[in-house]
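Quick notes on the structure that follows.
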2 protein chains.
Amino acid sequence: MSGTALLGELIEALHCLPGVGGKSAQRMAFHLLERDRDRGLKLAAVLEQAMQRIGRCERCRNFSEEPLCMLCTSGSRDRRVLCVVESPTELAAIEQATGYRGQYFVLMGRLSPLDGMGPEELGLPQLTARLGDGEIEELIIATNPTVEGEATAHYLVQLARAGGVRPTRLAHGVPLGGELEYVDRGTLAHAFGSRQLVD
Amino acid sequence: MSGTALLGELIEALHCLPGVGGKSAQRMAFHLLERDRDRGLKLAAVLEQAMQRIGRCERCRNFSEEPLCMLCTSGSRDRRVLCVVESPTELAAIEQATGYRGQYFVLMGRLSPLDGMGPEELGLPQLTARLGDGEIEELIIATNPTVEGEATAHYLVQLARAGGVRPTRLAHGVPLGGELEYVDRGTLAHAFGSRQLVD
């Protein structure tokens with residue numbers, strides 16, 4: 001189709017990126033070839049480096065090039081608060097949206113025995129050890145509000161209590177700027193039931 | 001934000017792809033790191049190869065690893081018909097949609113003196129030479145129906161006539177499956193004016 005086998009391979013390889021269809025992959029390949037070869041080469045180099053060198057932080061399991069990530073080694077993060085998230089995506093969202101200054105623990109998944117994701121795979125023995133060392137006072141459980149996320153949260157609450165740590169969860173309710181009419185039933189029922197006294 | 005400088009660089013580099021915003025770039029990076037490192041490495045390798053080795057076909061100016069592209073060297077393409085397109089994107093679209101078996105000439109742009117795109121930059125001297133060698137009988141002008149594309153088409157018609165070659169253009173009109181109500185005025189007026197006798 002394209003007059004060159006390598007171009008076909010490039011389009012195919014770009015197609016493997018999430019959210020990139022055949023047309024977009026073709027557009028990307030043509031764009032890089034026609035206008036941005038330097039950036040294409042830069043992307044190739046960074047991609048290779050990243051795939052080879054980025055591992056997991058030994059302490060929080062987040063992505064890291066070093067044995068310990070920047071958040072774990074930072075002297076300015078509060079070591080008494082630990083926020084548990086399912087993946088680096090949620091960690092990034094919390095870092096970007098909130099003023100949270102504590103530390104994180106990244107499960108890299110959620111409890112899902114059928115998919116072979118048990119406590120061991122999520123690093124929970126490691127988390128248990130950290131909860132037991134007396135430094136952490138609050139465990140913020142920020143798993144996703146899905147069935148599996150809720151099951152994971154339930155399990156984490158038990159772990160926190162066993163370690164003498166106060167477990168907290170993110171508040172559920174009507175999103176800011178959302179119109180009640182368009183909020184799903186479950187959320188609205190929850191928000192209504194958890195209404196708070198105005199003081 | 002992300003706990004690793006290299007990850008930040010990777011997200012930044014993916015962000016340079018057309019149509020990829022910050023969120024998508026992050027999603028791509030996490031996806032590759034969490035689930036698809038092999039494909040990430042494969043993409044890096046193909047990308048580097050493609051940026052370094054893909055050049056232009058000497059005959060039709062399309063992308064090619066070899067001095068002559070596969071379409072130009074193919075023995076099964078009709079050498080009496082030449083289709084002129086603005087870029088490889090349009091070439092690919094025509095190859096995919098039509099049963100065209102002739103050859104191509106890729107301008108890699110359109111006449112636009114203000115942007116420094118003159119006949120020289122579009123390889124028109126080369127095209128003139130080909131039109132003059134007596135092999136080509138029809139020049140299919142498939143530039144985009146924009147102001148600059150039309151100006152380019154006009155110029156190409158002159159070139160074809162000067163070379164004794166029959167110039168043809170793609171038909172304009174109501175798209176198949178389109179509803180008249182939603183077709184833009186200019187197209188509808190053109191289609192109405194160019195109505196054809198049913199035989």
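Letters A, B, ... go to the chains of the structure tokens in the order shown; residues in each chain start at 1; ligands are counted from 1 in the same order.
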For chain A, list the residues within 8 Å of chain B, counting only C-alpha atoms, and write the list as a VMD selection string.
-> chain A and resid 1 to 4 6 to 7 9 to 10 13 to 14 16 to 19 24 26 to 28 30 to 33 37 39 to 51 54 62 to 65 69 to 71 88 to 89 91 to 92 95 to 96
Tell me, as number ranges by chain, which residues lie within 12 Å of segment 172-183 of chain B, counting only C-alpha atoms; anything in the same chain fewer than 2 positions away does not count.
-> B: 142, 144-145, 169-170, 185-196
Test item, helix (DSSP H, G or I) assignment across segment 105-183 of chain B, answer as a PyMOL selection string = chain B and resi 113-115+124-132+147-162+180-182
Would you mind exporting C-alpha atoms of the selected residues as an mmCIF file, in the first residue's frame?
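Saved the output as part.cif:
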data_model
loop_
_atom_site.group_PDB
_atom_site.id
_atom_site.type_symbol
_atom_site.label_atom_id
_atom_site.label_comp_id
_atom_site.auth_asym_id
_atom_site.auth_seq_id
_atom_site.Cartn_x
_atom_site.Cartn_y
_atom_site.Cartn_z
ATOM 1 C CA PRO B 113 4.427 30.874 -3.004
ATOM 2 C CA LEU B 114 4.002 32.590 0.380
ATOM 3 C CA ASP B 115 5.216 29.423 2.132
ATOM 4 C CA LEU B 124 7.411 19.878 -11.265
ATOM 5 C CA PRO B 125 10.483 20.050 -13.560
ATOM 6 C CA GLN B 126 10.805 16.301 -12.961
ATOM 7 C CA LEU B 127 7.094 15.817 -13.721
ATOM 8 C CA THR B 128 7.418 17.916 -16.899
ATOM 9 C CA ALA B 129 10.242 15.677 -18.079
ATOM 10 C CA ARG B 130 8.123 12.571 -17.472
ATOM 11 C CA LEU B 131 5.138 14.064 -19.279
ATOM 12 C CA GLY B 132 7.387 14.785 -22.245
ATOM 13 C CA VAL B 147 -7.899 27.018 -2.842
ATOM 14 C CA GLU B 148 -4.233 26.046 -3.049
ATOM 15 C CA GLY B 149 -5.051 22.560 -4.315
ATOM 16 C CA GLU B 150 -7.164 24.098 -7.089
ATOM 17 C CA ALA B 151 -4.384 26.501 -8.063
ATOM 18 C CA THR B 152 -1.984 23.568 -8.190
ATOM 19 C CA ALA B 153 -4.450 21.585 -10.299
ATOM 20 C CA HIS B 154 -4.766 24.494 -12.720
ATOM 21 C CA TYR B 155 -0.983 24.602 -13.110
ATOM 22 C CA LEU B 156 -0.830 20.846 -13.638
ATOM 23 C CA VAL B 157 -3.472 21.013 -16.388
ATOM 24 C CA GLN B 158 -1.195 23.436 -18.274
ATOM 25 C CA LEU B 159 1.785 21.129 -17.827
ATOM 26 C CA ALA B 160 -0.176 18.141 -19.106
ATOM 27 C CA ARG B 161 -1.429 19.979 -22.186
ATOM 28 C CA ALA B 162 2.053 21.284 -22.945
ATOM 29 C CA LEU B 180 -28.660 16.440 0.449
ATOM 30 C CA GLU B 181 -29.785 18.384 3.516
ATOM 31 C CA TYR B 182 -26.318 18.150 5.047
#
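You will find atom CA of Gly109 of chain B at 5.2 Å from atom CA of Glu86 of chain B.
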For the atom pair atom CA of Arg56 of chain A and atom CA of Phe105 of chain A, what is the interatomic distance in Å to one decimal place?
->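 About the pair atom CA of Arg56 of chain A and atom CA of Phe105 of chain A: they are 11.4 Å apart.
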As a list in words, list the residues of segment 11-124 of chain A assigned to strand (DSSP E or B) by DSSP on the backbone atoms of this structure.
->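 So, restricting segment 11-124 of chain A to strand (DSSP E or B), we get Gly55, Arg56, Phe63, Ser64, Asp78, Arg79, Arg80, Val81, Leu82, Cys83, Val84, Val85, Gly102, Gln103, Tyr104, Phe105, Val106, Ser112 and Met117 of chain A.
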Near Ile140 of chain B, counting only C-alpha atoms, which residues have an atom at most 7 Å away, once you skip same-chain residues fewer than 4 positions from it, shown as an NGL selection string?
-> :B and (82-84 or 167-169)
Take the residues from that selection and put them in a file with N, CA and C atoms, as a PDB file, in the first residue's frame.
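again_8.pdb, freshly written:
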ATOM      1  N   LEU B  82      -0.827   8.407 -14.952  1.00  0.00           N
ATOM      2  CA  LEU B  82      -0.084   8.945 -13.812  1.00  0.00           C
ATOM      3  C   LEU B  82      -1.048   9.776 -12.967  1.00  0.00           C
ATOM      4  N   CYS B  83      -1.120   9.477 -11.676  1.00  0.00           N
ATOM      5  CA  CYS B  83      -2.021  10.202 -10.789  1.00  0.00           C
ATOM      6  C   CYS B  83      -1.186  11.115  -9.879  1.00  0.00           C
ATOM      7  N   VAL B  84      -1.476  12.413  -9.884  1.00  0.00           N
ATOM      8  CA  VAL B  84      -0.721  13.356  -9.057  1.00  0.00           C
ATOM      9  C   VAL B  84      -1.485  13.624  -7.767  1.00  0.00           C
ATOM     10  N   PRO B 167      -5.309  15.659 -19.470  1.00  0.00           N
ATOM     11  CA  PRO B 167      -5.479  15.849 -18.022  1.00  0.00           C
ATOM     12  C   PRO B 167      -6.903  15.495 -17.608  1.00  0.00           C
ATOM     13  N   THR B 168      -7.066  14.801 -16.477  1.00  0.00           N
ATOM     14  CA  THR B 168      -8.410  14.526 -15.946  1.00  0.00           C
ATOM     15  C   THR B 168      -8.433  14.893 -14.467  1.00  0.00           C
ATOM     16  N   ARG B 169      -9.639  15.142 -13.940  1.00  0.00           N
ATOM     17  CA  ARG B 169      -9.761  15.487 -12.521  1.00  0.00           C
ATOM     18  C   ARG B 169     -10.779  14.582 -11.872  1.00  0.00           C
TER      19      ARG B 169
END
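Between atom CA of Arg77 of chain A and atom CA of Gly102 of chain A there is a distance of 5.0 Å.
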